[in-house]
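File shown here: my_file_10.cif, holding mmCIF, C-alpha atoms.
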data_upload
#
loop_
_atom_site.label_atom_id
_atom_site.label_comp_id
_atom_site.auth_asym_id
_atom_site.auth_seq_id
_atom_site.Cartn_x
_atom_site.Cartn_y
_atom_site.Cartn_z
CA MET A 4 9.57 10.11 -16.25
CA THR A 5 9.04 10.41 -20.00
CA ALA A 6 5.69 9.05 -21.12
CA GLY A 7 6.83 7.57 -24.43
CA GLN A 8 8.47 4.54 -22.83
CA SER A 9 5.30 3.69 -20.87
CA LEU A 10 3.51 0.48 -21.83
CA ALA A 11 0.44 1.60 -19.94
CA GLU A 12 -0.18 4.97 -21.53
CA GLY A 13 2.65 5.88 -23.88
CA ALA A 14 3.98 5.09 -27.33
CA ALA A 15 5.37 1.74 -26.18
CA GLY A 16 1.85 0.41 -25.70
CA ILE A 17 0.76 1.76 -29.07
CA ALA A 18 3.78 0.05 -30.67
CA LEU A 19 2.64 -3.25 -29.13
CA LEU A 20 -0.69 -2.92 -30.91
CA HIS A 21 0.94 -2.32 -34.29
CA LEU A 22 3.55 -5.05 -33.88
CA GLU A 23 0.87 -7.57 -32.94
CA THR A 24 -1.34 -6.61 -35.87
CA GLY A 25 1.51 -6.36 -38.41
CA ASP A 26 1.34 -2.65 -39.18
CA TRP A 27 5.11 -2.24 -39.44
CA GLN A 28 5.13 1.39 -40.54
CA ALA A 29 2.98 2.48 -37.62
CA ALA A 30 4.95 0.22 -35.27
CA TYR A 31 8.30 1.76 -36.22
CA ALA A 32 6.87 5.27 -35.85
CA ALA A 33 5.58 4.44 -32.37
CA LEU A 34 8.86 2.83 -31.38
CA GLU A 35 10.79 5.90 -32.49
CA GLN A 36 8.51 8.00 -30.31
CA ALA A 37 8.90 5.58 -27.41
CA VAL A 38 12.69 5.85 -27.37
CA ALA A 39 12.97 9.51 -28.39
CA ASP A 40 13.86 10.68 -24.88
CA GLY A 41 15.87 7.61 -23.93
CA VAL A 42 14.92 4.33 -22.27
CA SER A 43 15.53 3.79 -18.56
CA ALA A 44 17.08 0.78 -16.88
CA ALA A 45 17.22 2.59 -13.55
CA GLU A 46 15.36 1.42 -10.44
CA PRO A 47 11.85 2.64 -11.39
CA ALA A 48 11.97 0.63 -14.63
CA SER A 49 9.33 -2.10 -14.79
CA LEU A 50 7.15 -4.14 -17.09
CA TYR A 51 5.10 -1.02 -17.69
CA TRP A 52 7.93 1.54 -18.02
CA GLY A 53 11.44 1.71 -19.41
CA ALA A 54 13.67 -1.04 -20.79
CA PRO A 55 11.54 -3.95 -19.51
CA ALA A 56 8.46 -2.46 -21.17
CA LEU A 57 10.32 -2.11 -24.47
CA ALA A 58 11.71 -5.64 -24.13
CA PHE A 59 8.19 -6.99 -23.70
CA VAL A 60 6.90 -5.01 -26.67
CA LEU A 61 9.80 -5.89 -28.99
CA ALA A 62 9.39 -9.60 -28.26
CA ALA A 63 6.27 -9.40 -30.43
CA SER A 64 8.45 -9.00 -33.51
CA ASP A 65 11.07 -11.10 -35.28
CA GLN A 66 12.05 -8.27 -37.65
CA PRO A 67 15.84 -8.33 -38.19
CA GLY A 68 15.98 -4.56 -38.01
CA LEU A 69 14.87 -4.68 -34.38
CA ALA A 70 17.44 -7.26 -33.22
CA ARG A 71 19.84 -4.69 -31.73
CA ALA A 72 17.03 -2.86 -29.93
CA LYS A 73 15.76 -6.17 -28.53
CA ALA A 74 19.19 -7.08 -27.22
CA THR A 75 19.66 -3.65 -25.63
CA ALA A 76 16.25 -3.74 -23.95
CA ALA A 77 16.85 -7.29 -22.71
CA ALA A 78 20.21 -6.28 -21.22
CA GLY A 79 18.58 -3.31 -19.48
CA THR A 80 15.87 -5.58 -18.12
CA ALA A 81 18.45 -7.97 -16.70
CA THR A 82 20.34 -5.13 -15.03
CA VAL A 83 17.33 -3.62 -13.31
CA THR A 84 16.03 -7.06 -12.29
CA ARG A 85 19.27 -8.00 -10.57
CA HIS A 86 19.37 -4.70 -8.69
CA ARG A 87 15.75 -5.07 -7.62
CA LEU A 88 16.31 -8.68 -6.52
CA ASP A 89 19.32 -7.73 -4.42
CA ALA A 90 17.35 -5.00 -2.67
CA ALA A 91 14.36 -7.28 -2.10
CA HIS A 92 16.43 -10.07 -0.57
CA ARG A 93 18.16 -7.60 1.74
CA ARG A 94 14.76 -6.34 2.83
CA ILE A 95 13.53 -9.88 3.54
CA ASP A 96 16.72 -10.70 5.45
CA ARG A 97 15.94 -7.72 7.71
CA ARG A 98 12.37 -9.05 8.10
CA GLN A 99 10.92 -5.74 6.99
CA ARG A 100 7.68 -5.41 5.09
CA PRO A 101 7.57 -4.55 1.38
CA PRO A 102 5.71 -1.88 -0.50
CA TYR A 103 3.66 -3.62 -3.13
CA ALA A 104 5.75 -1.84 -5.77
CA GLU A 105 8.55 -4.24 -4.83
CA TYR A 106 6.67 -7.31 -5.99
CA ASP A 107 3.61 -6.34 -8.01
CA LEU A 108 2.86 -6.71 -11.72
CA ILE A 109 2.82 -3.05 -12.68
CA ARG A 110 5.97 -1.76 -10.98
CA GLY A 111 7.56 -4.72 -9.30
CA LEU A 112 9.44 -7.98 -9.68
CA THR A 113 6.42 -9.97 -10.80
CA GLY A 114 6.18 -7.71 -13.82
CA LEU A 115 9.91 -8.03 -14.47
CA GLY A 116 9.42 -11.79 -14.35
CA VAL A 117 6.74 -11.44 -17.02
CA THR A 118 9.22 -9.70 -19.31
CA LEU A 119 11.89 -12.34 -18.64
CA ARG A 120 9.42 -15.11 -19.40
CA ARG A 121 8.48 -13.48 -22.70
CA THR A 122 12.10 -12.86 -23.75
CA GLY A 123 13.26 -16.31 -22.67
CA ASP A 124 15.76 -15.36 -19.94
CA LEU A 125 14.84 -18.42 -17.88
CA ASP A 126 17.81 -18.37 -15.50
CA LEU A 127 17.01 -14.86 -14.29
CA LEU A 128 13.31 -15.74 -14.30
CA ARG A 129 14.08 -18.56 -11.87
CA ASP A 130 15.80 -16.02 -9.62
CA VAL A 131 12.59 -13.96 -9.64
CA LEU A 132 10.54 -17.06 -8.80
CA THR A 133 12.90 -17.87 -5.93
CA TYR A 134 12.27 -14.36 -4.59
CA LEU A 135 8.50 -14.81 -4.93
CA VAL A 136 8.74 -18.04 -2.94
CA ARG A 137 10.51 -16.11 -0.17
CA LEU A 138 7.86 -13.38 -0.41
CA THR A 139 5.23 -15.87 0.76
CA ASP A 140 7.08 -16.66 4.01
CA PRO A 141 5.19 -15.08 6.94
CA ILE A 142 6.72 -12.21 8.88
CA ASN A 143 5.59 -11.89 12.49
CA GLY A 144 2.35 -13.74 11.88
CA LEU A 145 1.31 -11.88 8.73
CA PRO A 146 1.90 -12.81 5.10
CA GLY A 147 5.25 -11.76 3.68
CA TRP A 148 3.50 -9.62 1.06
CA TRP A 149 1.58 -7.58 3.67
CA CYS A 150 2.30 -3.89 3.06
CA LEU A 151 2.56 -1.17 5.69
CA HIS A 152 0.96 1.42 3.41
CA GLY A 153 -2.64 1.52 2.18
CA PRO A 154 -4.13 0.30 -1.12
CA HIS A 155 -3.09 3.67 -2.55
CA ARG A 156 0.62 3.43 -1.90
CA ASN A 157 1.06 7.12 -1.09
CA GLN A 158 -1.61 7.01 1.61
CA PRO A 159 -0.63 5.61 5.02
CA LEU A 160 -2.89 3.09 6.71
CA PRO A 161 -2.40 2.02 10.35
CA GLY A 162 -1.27 -1.59 10.27
CA GLY A 163 -1.09 -1.66 6.48
CA HIS A 164 -3.01 -4.06 4.25
CA GLY A 165 -2.99 -7.27 2.26
CA ASN A 166 -3.74 -6.75 -1.41
CA HIS A 167 -5.49 -9.43 -3.49
CA GLY A 168 -5.54 -7.84 -6.96
CA VAL A 169 -3.65 -9.05 -10.02
CA ALA A 170 -2.23 -5.60 -10.74
CA HIS A 171 -0.92 -4.72 -7.28
CA GLY A 172 -1.61 -7.70 -5.05
CA ILE A 173 -0.72 -11.30 -4.38
CA ALA A 174 -2.86 -12.68 -7.23
CA GLY A 175 -0.15 -11.41 -9.59
CA PRO A 176 2.70 -13.45 -8.05
CA LEU A 177 0.29 -16.40 -7.80
CA ALA A 178 -0.43 -16.25 -11.53
CA LEU A 179 3.27 -16.01 -12.45
CA LEU A 180 4.23 -18.87 -10.14
CA ALA A 181 1.47 -20.98 -11.67
CA LEU A 182 2.15 -20.06 -15.30
CA THR A 183 5.85 -20.80 -15.03
CA HIS A 184 5.09 -24.09 -13.30
CA LEU A 185 2.84 -25.00 -16.23
CA ASP A 186 5.68 -23.94 -18.57
CA GLY A 187 7.99 -26.41 -16.83
CA VAL A 188 10.09 -23.69 -15.17
CA HIS A 189 10.47 -24.75 -11.54
CA VAL A 190 12.33 -23.64 -8.41
CA ASP A 191 12.48 -25.07 -4.91
CA GLY A 192 9.37 -24.28 -2.88
CA GLN A 193 7.30 -23.16 -5.86
CA THR A 194 4.32 -25.46 -5.32
CA GLU A 195 4.42 -24.76 -1.60
CA ALA A 196 4.30 -21.02 -2.30
CA ILE A 197 1.35 -21.48 -4.66
CA THR A 198 -0.43 -23.50 -1.99
CA ARG A 199 0.30 -20.89 0.70
CA ILE A 200 -1.20 -18.12 -1.42
CA VAL A 201 -4.34 -20.02 -2.41
CA ARG A 202 -4.98 -21.04 1.19
CA TRP A 203 -4.79 -17.37 2.17
CA LEU A 204 -7.26 -16.50 -0.57
CA ASP A 205 -9.46 -19.39 0.58
CA SER A 206 -9.59 -17.85 4.04
CA TRP A 207 -10.97 -14.63 2.53
CA GLN A 208 -13.32 -16.12 -0.01
CA ARG A 209 -16.87 -15.03 0.64
CA HIS A 210 -20.22 -15.88 -0.92
CA ALA A 211 -23.04 -13.66 -2.06
CA ARG A 212 -26.59 -14.52 -1.09
CA GLU A 213 -26.97 -16.49 -4.31
CA GLY A 214 -23.93 -18.58 -3.34
CA ALA A 215 -21.51 -16.97 -5.81
CA ALA A 216 -17.93 -16.79 -4.56
CA TRP A 217 -15.95 -13.54 -4.48
CA TRP A 218 -12.84 -12.15 -2.82
CA PRO A 219 -12.30 -8.75 -1.20
CA GLN A 220 -9.89 -6.53 -3.04
CA THR A 221 -7.89 -5.81 0.11
CA VAL A 222 -7.93 -6.66 3.81
CA THR A 223 -6.69 -4.64 6.79
CA LEU A 224 -5.69 -5.40 10.37
CA SER A 225 -9.22 -4.46 11.42
CA ASP A 226 -10.56 -7.06 8.99
CA LEU A 227 -8.20 -9.63 10.49
CA GLU A 228 -9.36 -8.80 14.00
CA CYS A 229 -13.00 -9.16 12.94
CA ALA A 230 -12.27 -12.16 10.73
CA GLU A 231 -14.48 -10.42 8.18
CA PRO A 232 -13.68 -7.96 5.37
CA ALA A 233 -15.09 -4.46 5.46
CA GLN A 234 -16.02 -5.00 1.80
CA THR A 235 -19.49 -6.53 1.94
CA GLY A 236 -19.80 -7.86 -1.61
CA PRO A 237 -18.18 -8.02 -5.02
CA LEU A 238 -17.30 -4.70 -6.61
CA ARG A 239 -16.51 -3.84 -10.22
CA PRO A 240 -15.67 -7.00 -12.23
CA SER A 241 -12.37 -5.66 -13.48
CA TRP A 242 -9.21 -7.47 -14.53
CA CYS A 243 -6.99 -5.48 -12.17
CA TYR A 244 -8.71 -6.06 -8.81
CA GLY A 245 -11.98 -7.87 -9.26
CA THR A 246 -13.24 -11.43 -9.47
CA PRO A 247 -12.18 -11.97 -13.13
CA GLY A 248 -8.48 -11.47 -12.44
CA ILE A 249 -8.47 -13.36 -9.13
CA ALA A 250 -10.51 -16.20 -10.62
CA ARG A 251 -8.03 -16.54 -13.50
CA ALA A 252 -5.12 -16.66 -11.04
CA GLN A 253 -6.98 -19.31 -9.06
CA GLN A 254 -7.70 -21.30 -12.23
CA LEU A 255 -4.02 -21.23 -13.21
CA ALA A 256 -2.96 -22.23 -9.69
CA ALA A 257 -5.43 -25.12 -9.75
CA ARG A 258 -4.03 -26.35 -13.06
CA ALA A 259 -0.48 -26.10 -11.71
CA LEU A 260 -1.46 -28.09 -8.62
CA GLY A 261 -3.65 -30.57 -10.49
CA ASP A 262 -6.59 -29.54 -8.29
CA THR A 263 -9.74 -29.95 -10.37
CA THR A 264 -12.02 -29.01 -7.47
CA ARG A 265 -10.30 -25.65 -7.09
CA GLN A 266 -10.39 -25.11 -10.83
CA HIS A 267 -14.11 -25.85 -10.96
CA ASN A 268 -14.73 -23.44 -8.07
CA ALA A 269 -12.72 -20.66 -9.75
CA GLU A 270 -14.58 -21.08 -13.00
CA THR A 271 -17.93 -21.18 -11.21
CA ALA A 272 -17.06 -17.93 -9.43
CA PHE A 273 -16.25 -16.35 -12.77
CA VAL A 274 -19.49 -17.50 -14.37
CA ALA A 275 -21.48 -16.11 -11.44
CA CYS A 276 -19.66 -12.80 -11.85
CA ILE A 277 -20.34 -12.42 -15.58
CA THR A 278 -24.00 -13.37 -15.23
CA ASP A 279 -24.69 -10.86 -12.46
CA PRO A 280 -26.27 -7.71 -13.97
CA MET A 281 -25.42 -5.71 -10.85
CA GLN A 282 -21.70 -6.42 -11.21
CA LEU A 283 -21.65 -5.88 -14.96
CA GLY A 284 -23.52 -2.62 -14.47
CA ARG A 285 -20.50 -1.24 -12.60
CA LEU A 286 -18.41 -1.27 -15.77
CA VAL A 287 -18.53 2.19 -17.26
CA ASP A 288 -15.61 2.18 -19.71
CA ARG A 289 -14.20 -0.15 -22.33
CA GLY A 290 -10.55 -0.18 -21.28
CA LEU A 291 -8.36 -3.12 -20.33
CA CYS A 292 -7.65 -2.17 -16.74
CA HIS A 293 -11.09 -1.33 -15.38
CA GLY A 294 -13.45 -1.94 -18.27
CA THR A 295 -15.09 -4.36 -20.64
CA ALA A 296 -11.96 -5.07 -22.71
CA GLY A 297 -10.17 -6.44 -19.67
CA LEU A 298 -13.17 -8.53 -18.70
CA LEU A 299 -13.50 -9.96 -22.20
CA THR A 300 -9.78 -10.75 -22.42
CA ALA A 301 -9.87 -12.57 -19.07
CA ALA A 302 -12.99 -14.40 -20.20
CA ARG A 303 -11.32 -15.67 -23.36
CA ARG A 304 -8.40 -17.10 -21.39
CA ILE A 305 -10.56 -18.62 -18.66
CA THR A 306 -12.89 -20.19 -21.21
CA ALA A 307 -10.03 -21.68 -23.22
CA ASP A 308 -8.80 -23.62 -20.17
CA ALA A 309 -12.15 -24.29 -18.51
CA LEU A 310 -13.44 -27.64 -17.33
CA ILE A 311 -16.98 -26.38 -17.76
CA PRO A 312 -18.59 -24.74 -20.81
CA ILE A 313 -18.70 -20.95 -20.44
CA SER A 314 -20.60 -18.70 -22.81
CA ILE A 315 -18.95 -15.31 -23.28
CA GLY A 316 -21.02 -14.07 -26.21
CA PRO A 317 -22.93 -11.65 -23.98
CA LEU A 318 -19.62 -10.17 -22.78
CA ALA A 319 -18.51 -9.56 -26.36
CA HIS A 320 -21.85 -7.86 -27.00
CA LEU A 321 -21.46 -5.74 -23.86
CA HIS A 322 -17.96 -4.71 -24.89
CA GLN A 323 -18.98 -3.84 -28.44
CA HIS A 324 -21.79 -1.64 -27.18
CA THR A 325 -19.78 0.17 -24.50
CA MET A 326 -19.12 3.60 -25.89
CA PRO A 327 -15.64 5.11 -25.62
CA ALA A 328 -15.31 7.93 -23.15
CA THR A 329 -15.09 11.38 -24.67
CA THR A 330 -11.65 11.68 -23.06
CA GLU A 331 -10.44 8.12 -23.82
CA PRO A 332 -6.64 8.18 -24.14
CA ALA A 333 -4.71 6.58 -26.97
CA GLY A 334 -2.67 4.22 -24.80
CA PHE A 335 -2.75 0.54 -23.97
CA LEU A 336 -3.98 -0.03 -20.43
CA ASP A 337 -6.84 2.46 -20.24
CA GLY A 338 -7.16 3.56 -23.84
CA ALA A 339 -7.84 2.82 -27.46
CA ALA A 340 -4.71 0.75 -28.17
CA GLY A 341 -5.75 -1.91 -25.70
CA VAL A 342 -9.31 -1.89 -26.99
CA ASP A 343 -8.05 -2.32 -30.55
CA LEU A 344 -5.86 -5.25 -29.53
CA VAL A 345 -8.87 -7.00 -28.03
CA ALA A 346 -10.88 -6.28 -31.17
CA ALA A 347 -8.10 -7.72 -33.36
CA GLY A 348 -8.34 -11.00 -31.48
CA THR A 349 -4.72 -11.88 -32.24
CA ALA A 350 -3.82 -15.44 -31.27
CA THR A 351 -0.64 -14.36 -29.49
CA SER A 352 0.48 -13.83 -25.91
CA TRP A 353 0.27 -10.04 -25.77
CA ASP A 354 -2.00 -10.38 -22.72
CA ALA A 355 0.84 -12.00 -20.80
CA CYS A 356 1.45 -8.47 -19.51
CA LEU A 357 -1.91 -8.85 -17.75
CA LEU A 358 -0.83 -12.27 -16.41
CA LEU A 359 -3.72 -13.92 -18.19
CA CYS A 360 -1.51 -16.31 -20.16
#

Render the structure in this file as structure tokens.
Amino acid sequence: MTAGQSLAEGAAGIALLHLETGDWQAAYAALEQAVADGVSAAEPASLYWGAPALAFVLAASDQPGLARAKATAAAGTATVTRHRLDAAHRRIDRRQRPPYAEYDLIRGLTGLGVTLRRTGDLDLLRDVLTYLVRLTDPINGLPGWWCLHGPHRNQPLPGGHGNHGVAHGIAGPLALLALTHLDGVHVDGQTEAITRIVRWLDSWQRHAREGAAWWPQTVTLSDLECAEPAQTGPLRPSWCYGTPGIARAQQLAARALGDTTRQHNAETAFVACITDPMQLGRLVDRGLCHGTAGLLTAARRITADALIPISIGPLAHLHQHTMPATTEPAGFLDGAAGVDLVAAGTATSWDACLLLC
């Protein structure tokens, strides 16, 4: 794979920064670099790589000179989405279990749905939502999203696992199902699927000694047998796997369902997370995926929709005073481009690729 067309770490992500902040010269230079070795619409293409990544990025601009590129990227996105949907439905018909790369945000159909939502291809987006509804149907007593591999997809795990993160787990489909419902884009079974996911998450919600709610990042068959996760408390408060991302997905689901109690509980869990020095102390970088930029971006979205007042000034201070790593990359998800987007504070939907809006 050529790195230029990567939203996560390549020139595509850097182009997103410049398009969002209006630096057209830098944006065009980054776009030229992103497409220099071609743009893929083959099976590995996803929100974070290939034509769907470029389609998401180009949607940030209404420049006439980019119209042909936007149309080409959108067509490539549609092609890969249809192929991926066909394969996923065949897999479900055989009642086999998915890898999370089939459905997740980073590599899977949830991420492709994010691109379709941003580009306005609502008919194909509804097809993705219909697939996500099917994904929530149980298979042999376990959730339909239960994977046979481990949290690291190249590492086997006896019995597999259920993943709760926004990046690779069921919180990602939950957020997309909820966001589209709030948009007014509906398919049969959508609210039932949202309810099925949140009830699963409810069954794994745990409380710290101070009463603060949290969710394990993953669960295994051993956890199911014990009815208790091996994870004994909240870990790093990251967007990708931690309480901030899951709480945002829960907040969105609550709004879609009109469930103010659930929304209050999600927001309370988030507040407890961001006021816990032990959790905040686990953040060691300033990136979007694992660091303070991702936490601050989630906080802004949660606060904007919150039923309760939430102060995020201390998070902004924490982010501003988190030093960049000596080896910080230039890219979007773990690097300087993402940090600069957060600093710019643009009132746009660039963070839709994180399923925060």

Contacts of Trp207 of chain A within 10 Å, only C-alpha atoms, excl. fewer than 6 positions in-chain, as number ranges by chain: A: 167, 201, 217-222, 226-227, 230-232

message: Since I can't run it myself right now, could you work out what the PyMOL selection byres ((chain A and resi 304-319) around 8) selects here and report it as a VMD selection string?
response: chain A and resid 251 254 266 to 267 270 274 277 295 298 to 303 320 to 323 359 to 360

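The residues returned by the PyMOL selection byres ((chain A and resi 16-30) around 7) on the shown structure are Ser9, Leu10, Ala11, Glu12, Gly13, Ala14, Ala15, Tyr31, Ala32, Ala33, Leu34, Val60, Ala63, Ser64, Gly334, Phe335, Ala340 and Leu344 of chain A.
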
- request: Please identify all polymer residues within 12 Å of segment 46-49 of chain A, counting all atoms listed in the file, omitting same-chain residues fewer than 2 positions from it, and present them as an MDAnalysis selection string.
  value: chainID A and resid 4:5 8:11 42:44 51:59 76 79:90 104:119 356

task: Kindly resolve the PyMOL selection byres ((chain A and resi 241) around 12) on the present coordinates and return the residues as JSON, numbers by chain.
output: {"A": [168, 169, 170, 220, 237, 238, 239, 240, 242, 243, 244, 245, 246, 247, 248, 249, 250, 251, 273, 276, 277, 282, 283, 284, 285, 286, 287, 288, 289, 290, 291, 292, 293, 294, 295, 296, 297, 298, 299, 300, 301, 302, 337, 357]}

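One finds atom CA of Leu180 of chain A at 6.7 Å from atom CA of Leu132 of chain A.
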
query: Of the candidates A:Pro146, A:Gly7, A:Gly123, A:Gly214, which one gets nearest to Pro101 of chain A if we count only C-alpha atoms?
result: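 The closest residue to Pro101 of chain A is A:Pro146.
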
- request: Would you please work out which residue, of A:Arg137, A:Ala256, A:Thr75, A:Ala272, is nearest to Arg93 of chain A when using only C-alpha atoms?
  value: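 Among the listed residues, the smallest separation from Arg93 of chain A belongs to A:Arg137.
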
query: To one decimal place, how far is atom CA of Ala347 of chain A from atom CA of Met326 of chain A in Å?
result: 17.5 Å

message: From the options A:Leu69, A:Gly147, A:Ala77, A:Gly41, which residue's atoms come nearest to Ala91 of chain A, counting all atoms listed in the file?
response: A:Gly147

Two-atom distance - atom CA of Gly165 of chain A, atom CA of Arg212 of chain A (Å): 24.9 Å

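The protein and nucleic acid residues lying at most 12 Å from Ile142 of chain A are Arg94, Ile95, Asp96, Arg97, Arg98, Gln99, Arg100, Pro101, Arg137, Leu138, Thr139, Asp140, Gly144, Leu145, Pro146, Gly147, Trp148, Trp149 and Cys150 of chain A, with all atoms listed in the file considered and sequence neighbours fewer than 2 positions away removed.
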
task: Using all atoms listed in the file, find the one residue out of A:Ala70, A:Leu151, A:Ile200, A:Leu125 that sits nearest to Pro102 of chain A.
output: A:Leu151

- prompt: Between A:Cys229, A:Leu135, A:Ala178, A:Leu224, which is the closest to Val190 of chain A once you count all atoms listed in the file?
  reply: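 Looking at the shortest contact to Val190 of chain A, the residue is A:Leu135.
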
- request: Have a look at A:Asp186, A:Glu213, A:Asp205, A:Glu331 and name the one nearest to Ala259 of chain A; count only C-alpha atoms.
  value: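 Once distances to Ala259 of chain A are computed over only C-alpha atoms, the minimum belongs to A:Asp186.
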